[in-house]
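Presented below is the structure to which this report refers.
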Amino acid sequence: MSNETQGKMGVTAIALFTLCAVLVVDTLTASASIGVSAIGWWVLMLIFFVIPYGLITSELSTTYPGDGGIYDWVKQAFNFKWAVRTTWFYWINVGLWMPAVYIMFAGMFAELFMPDLSLWGQIAICILLTWLTVWICNVSADIGVWVTNVGAVLKIIVIGTLGVGGFVYAMNNGVANEFSFSAMIPNMDSAVSFLPAIVFNLMGFELVATMTKEMKDVRDMPKAVFLSIGITAFLYIFGTVGILMALPVESIGLVAGLIDTFKTLFGDGVFGTAMVYLFGTLALLTLIGNMVSWTMGASRAAAEAAQEGELPAPVAKVSEKGSPIGANNITGIVSTVVILSYALFAQGNDDLFWSIFAFSSCIFLLPYLFMFPAYLKLRLVDGERERPFQVPGGMAAQWVMSIVCFFVIFQAVVLFIFPEALDLTVADWSYTGPVLVGVIATILIGEWILLGALKRKKEQVEQQEAKA
């Protein structure tokens, strides 16, 4: 594919799409639950992980443009077997993650408007939103991009309000937590359970690489990626500080934390209540924008793989307008099944949210364990290819950056499954068991799909030999 395309997305549109994919409101409370040391963790991750990750993504996306994104890169570096695994995890995680996002939506909605709404009432909202997301993604790419752009702007407004509100509240009432330098220093005591959420919050800068047909010029990617990284870094830290200034760390709930923060910031007067409803509603809308961006990107990668015979044929179905309706619809079905299945075992919103979130996040992070080695392999075996953007430094620097990024992803996967990884003797198997079983089951399904892909590939070879 040429670097110059006929799409409509320029630097601003690419950056907004990336911002909507990466900047997530739903897990901001999880990072704040670490405490004030979360600030140190954010800074540490941004310097040693996000900057190398952004550089690597920029080189790969401009050197190997195509709607497959991470699938294309892994396929170029290794073989189609690893490409199939990559696309399977990258795509199916959206259907697994969507329930967690919309469970948070339903919990926040209930907190705002219907405090007595039953668990099954909230489940109904989750299913309705799942299919609204699928419908938006099926209509056209233009509508989906518009939704993600609006979602990105709303995220900036919501998180900016948390940050500004937190500072104003602190000036009038004092801070809810101690903000000393020593308190900000990263430590593992409070971070083990929720540290993976910070890693998760920083992933997705490569997603827009699946939208290259919609771009004016794919060479705009590095500018857009680092513009979105700068905005993301500031807003995550600013929003986390705002929450921690207003709420004691022990009072931060995973689902209701945002609404509780708004209530604390604005008070319970008439004006304050109206502001809580307004910003609470904006926060809810950001969750829809987030799922639209990920469904669009992951489904396009899956559809391209399916058209190559590497995923089942129904995934390859595309509408007249180019929307990957087969992959989108299957995502909706998976999300619905997961919502109903997990609802049978949930004890409460926070339990339901975190269990599904941890499970889906493990699947979501697995492709990145392939992406960073793929980058190194392509540098080694395809170093002569023209690179519109190239990560600075020699191969030693590339090895260091890739290994650090790989390790960050690996430890996040382990901690999502074993939050007490530093002391396995106290593992909570009532939590770890279901998450681990879900991850293993998803991997095994992927291997079954790979067997089908191998069979289809063998048949294609035999047909070509017969024609010859």
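A note on labels: chains of the structure tokens are A, B, ... as shown, every chain counts residues from 1, and ligands are counted from 1 in their shown order.
The protein and nucleic acid residues lying at most 10 Å from Leu244 in chain A are Thr29, Ala32, Ser33, Ile34, Gly35, Val36, Ala38, Leu162, Gly163, Gly166, Phe167, Ala170, Val175, Ala176, Asn177, Glu178, Phe179, Gly239, Thr240, Pro248, Val249, Ser251, Ile252 and Thr261 of chain A, with only C-alpha atoms considered and sequence neighbours fewer than 4 positions away removed.
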Let me see the file: selected residues, C-alpha atoms, as a PDB file, in the first residue's frame.
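The resulting file, selection.pdb, is reproduced below:
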ATOM      1  CA  THR A  29     -10.418   4.660  39.414  1.00  0.00           C
ATOM      2  CA  ALA A  32      -6.229   5.880  41.657  1.00  0.00           C
ATOM      3  CA  SER A  33      -6.852   2.913  43.970  1.00  0.00           C
ATOM      4  CA  ILE A  34      -3.083   2.381  44.065  1.00  0.00           C
ATOM      5  CA  GLY A  35      -2.854   5.597  46.060  1.00  0.00           C
ATOM      6  CA  VAL A  36      -0.578   8.615  45.663  1.00  0.00           C
ATOM      7  CA  ALA A  38       0.232   5.934  41.308  1.00  0.00           C
ATOM      8  CA  LEU A 162     -11.644  15.741  37.591  1.00  0.00           C
ATOM      9  CA  GLY A 163      -8.200  17.316  37.690  1.00  0.00           C
ATOM     10  CA  GLY A 166      -9.640  18.105  42.600  1.00  0.00           C
ATOM     11  CA  PHE A 167      -7.316  21.084  42.916  1.00  0.00           C
ATOM     12  CA  ALA A 170      -8.141  20.699  47.909  1.00  0.00           C
ATOM     13  CA  VAL A 175      -6.390  17.085  50.370  1.00  0.00           C
ATOM     14  CA  ALA A 176      -7.912  13.686  51.071  1.00  0.00           C
ATOM     15  CA  ASN A 177      -4.531  11.917  50.837  1.00  0.00           C
ATOM     16  CA  GLU A 178      -0.949  12.816  51.668  1.00  0.00           C
ATOM     17  CA  PHE A 179       0.888  14.194  48.615  1.00  0.00           C
ATOM     18  CA  GLY A 239      -7.234  12.939  36.470  1.00  0.00           C
ATOM     19  CA  THR A 240      -5.627  10.543  38.957  1.00  0.00           C
ATOM     20  CA  PRO A 248      -9.437   8.961  50.444  1.00  0.00           C
ATOM     21  CA  VAL A 249      -7.865   6.020  48.659  1.00  0.00           C
ATOM     22  CA  SER A 251     -13.111   5.120  49.573  1.00  0.00           C
ATOM     23  CA  ILE A 252     -12.447   4.799  45.831  1.00  0.00           C
ATOM     24  CA  THR A 261     -15.713  11.976  42.978  1.00  0.00           C
TER      25      THR A 261
END
Neighbouring residues of Val22 in chain A were defined as those with any atom within 10 Å, considering only C-alpha atoms; residues of the same chain fewer than 3 positions away were excluded. Please report them as a list in words.
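Answer for this query is Leu16, Phe17, Thr18, Leu19, Val25, Ala152, Phe200, Asn201, Leu202, Met203, Gly204, Phe205, Glu206, Leu207, Ser228, Ile229, Thr232, Asn290, Ser293 and Trp294 of chain A.
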Spatial neighbours of Thr57 in chain A, 10 Å, only C-alpha atoms, chain gap at least 6 places, as a PyMOL selection string:
chain A and resi 51+63+69-70+204-207+209+221-222+225+371-372+375+391
Restricting the calculation to only C-alpha atoms: of A:Glu447, A:Glu111, A:Glu459, A:Glu59, which residue gets closest to Leu258 in chain A?
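Smallest separation from Leu258 in chain A among the options: A:Glu111.
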Find, counting only C-alpha atoms, the residue in A:Ser355, A:Ile39, A:Gly160, A:Ile243 that gets nearest to Ile231 in chain A.
A:Gly160
Which of these, A:Val381, A:Leu369, A:Ile333, A:Ala183, has the shortest distance to Val134 in chain A once you count only C-alpha atoms?
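The shortest atom-to-atom distance to Val134 in chain A comes from A:Ile333.
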Exercise: Trp88 in chain A partners within 8 Å, only C-alpha atoms, chain neighbours under 4 positions left out, as an MDAnalysis selection string:
chainID A and resid 84 92 302 311 446
Serialized selection, C-alpha atoms, as an mmCIF file, in the first residue's frame:
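The result, written out as part19.cif:
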data_model
loop_
_atom_site.group_PDB
_atom_site.id
_atom_site.type_symbol
_atom_site.label_atom_id
_atom_site.label_comp_id
_atom_site.auth_asym_id
_atom_site.auth_seq_id
_atom_site.Cartn_x
_atom_site.Cartn_y
_atom_site.Cartn_z
ATOM 1 C CA VAL A 84 -3.492 -16.111 13.343
ATOM 2 C CA ILE A 92 -11.698 -11.541 20.532
ATOM 3 C CA ALA A 302 -9.785 -9.770 11.939
ATOM 4 C CA LEU A 311 -9.826 -16.937 10.516
ATOM 5 C CA GLY A 446 -7.452 -20.019 19.219
#
Find the residues around Gln307 in chain A up to 9 Å (only C-alpha atoms counted), leave out those fewer than 5 positions away in its own chain, and share them as a ChimeraX atom specification.
/A:302,312-313,315-317
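Atom to atom, CA of Ala306 in chain A and CA of Val337 in chain A stand 22.3 Å apart.
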Write out as a list in words the residues lying within 12 Å of Thr442 in chain A, counting only C-alpha atoms and excluding same-chain residues fewer than 4 positions away.
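Surrounding residues, per the criterion: Arg85, Trp88, Phe89, Tyr90, Trp91, Ile92, Asn93, Gly95, Leu96, Val334, Phe359, Ser360, Cys362, Ile363, Phe364, Leu366, Val435, Leu436, Val437, Gly438, Gly446, Glu447, Trp448 and Ile449 of chain A.
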Could you write out, as a PyMOL selection string, all the residues of range 209-315 of chain A that DSSP marks as alpha helix (DSSP H)?
chain A and resi 221-246+257-266+270-307
At a cut-off of 10 Å, using only C-alpha atoms, what residues contact Met296 in chain A? Leave out same-chain residues fewer than 3 positions from it and give the result as an MDAnalysis selection string.
chainID A and resid 91 94 133:134 136:138 140:141 144:145 148 207:208 210:211 291:293 299:301 323:325 327:328
Smallest atom-to-atom distance to Ile440 in chain A: which of A:Leu23, A:Gly40, A:Leu117, A:Ile417, using only C-alpha atoms?
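Once distances to Ile440 in chain A are computed over only C-alpha atoms, the minimum belongs to A:Ile417.
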Report the distance between CA of Glu462 in chain A and CA of Gly309 in chain A in Å, rounded to one decimal place.
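For CA of Glu462 in chain A relative to CA of Gly309 in chain A, the distance reads 14.5 Å.
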Residue nearest Ile356 in chain A - candidates A:Thr331, A:Thr432, A:Ser118, A:Thr286, atoms counted: only C-alpha atoms:
A:Thr432
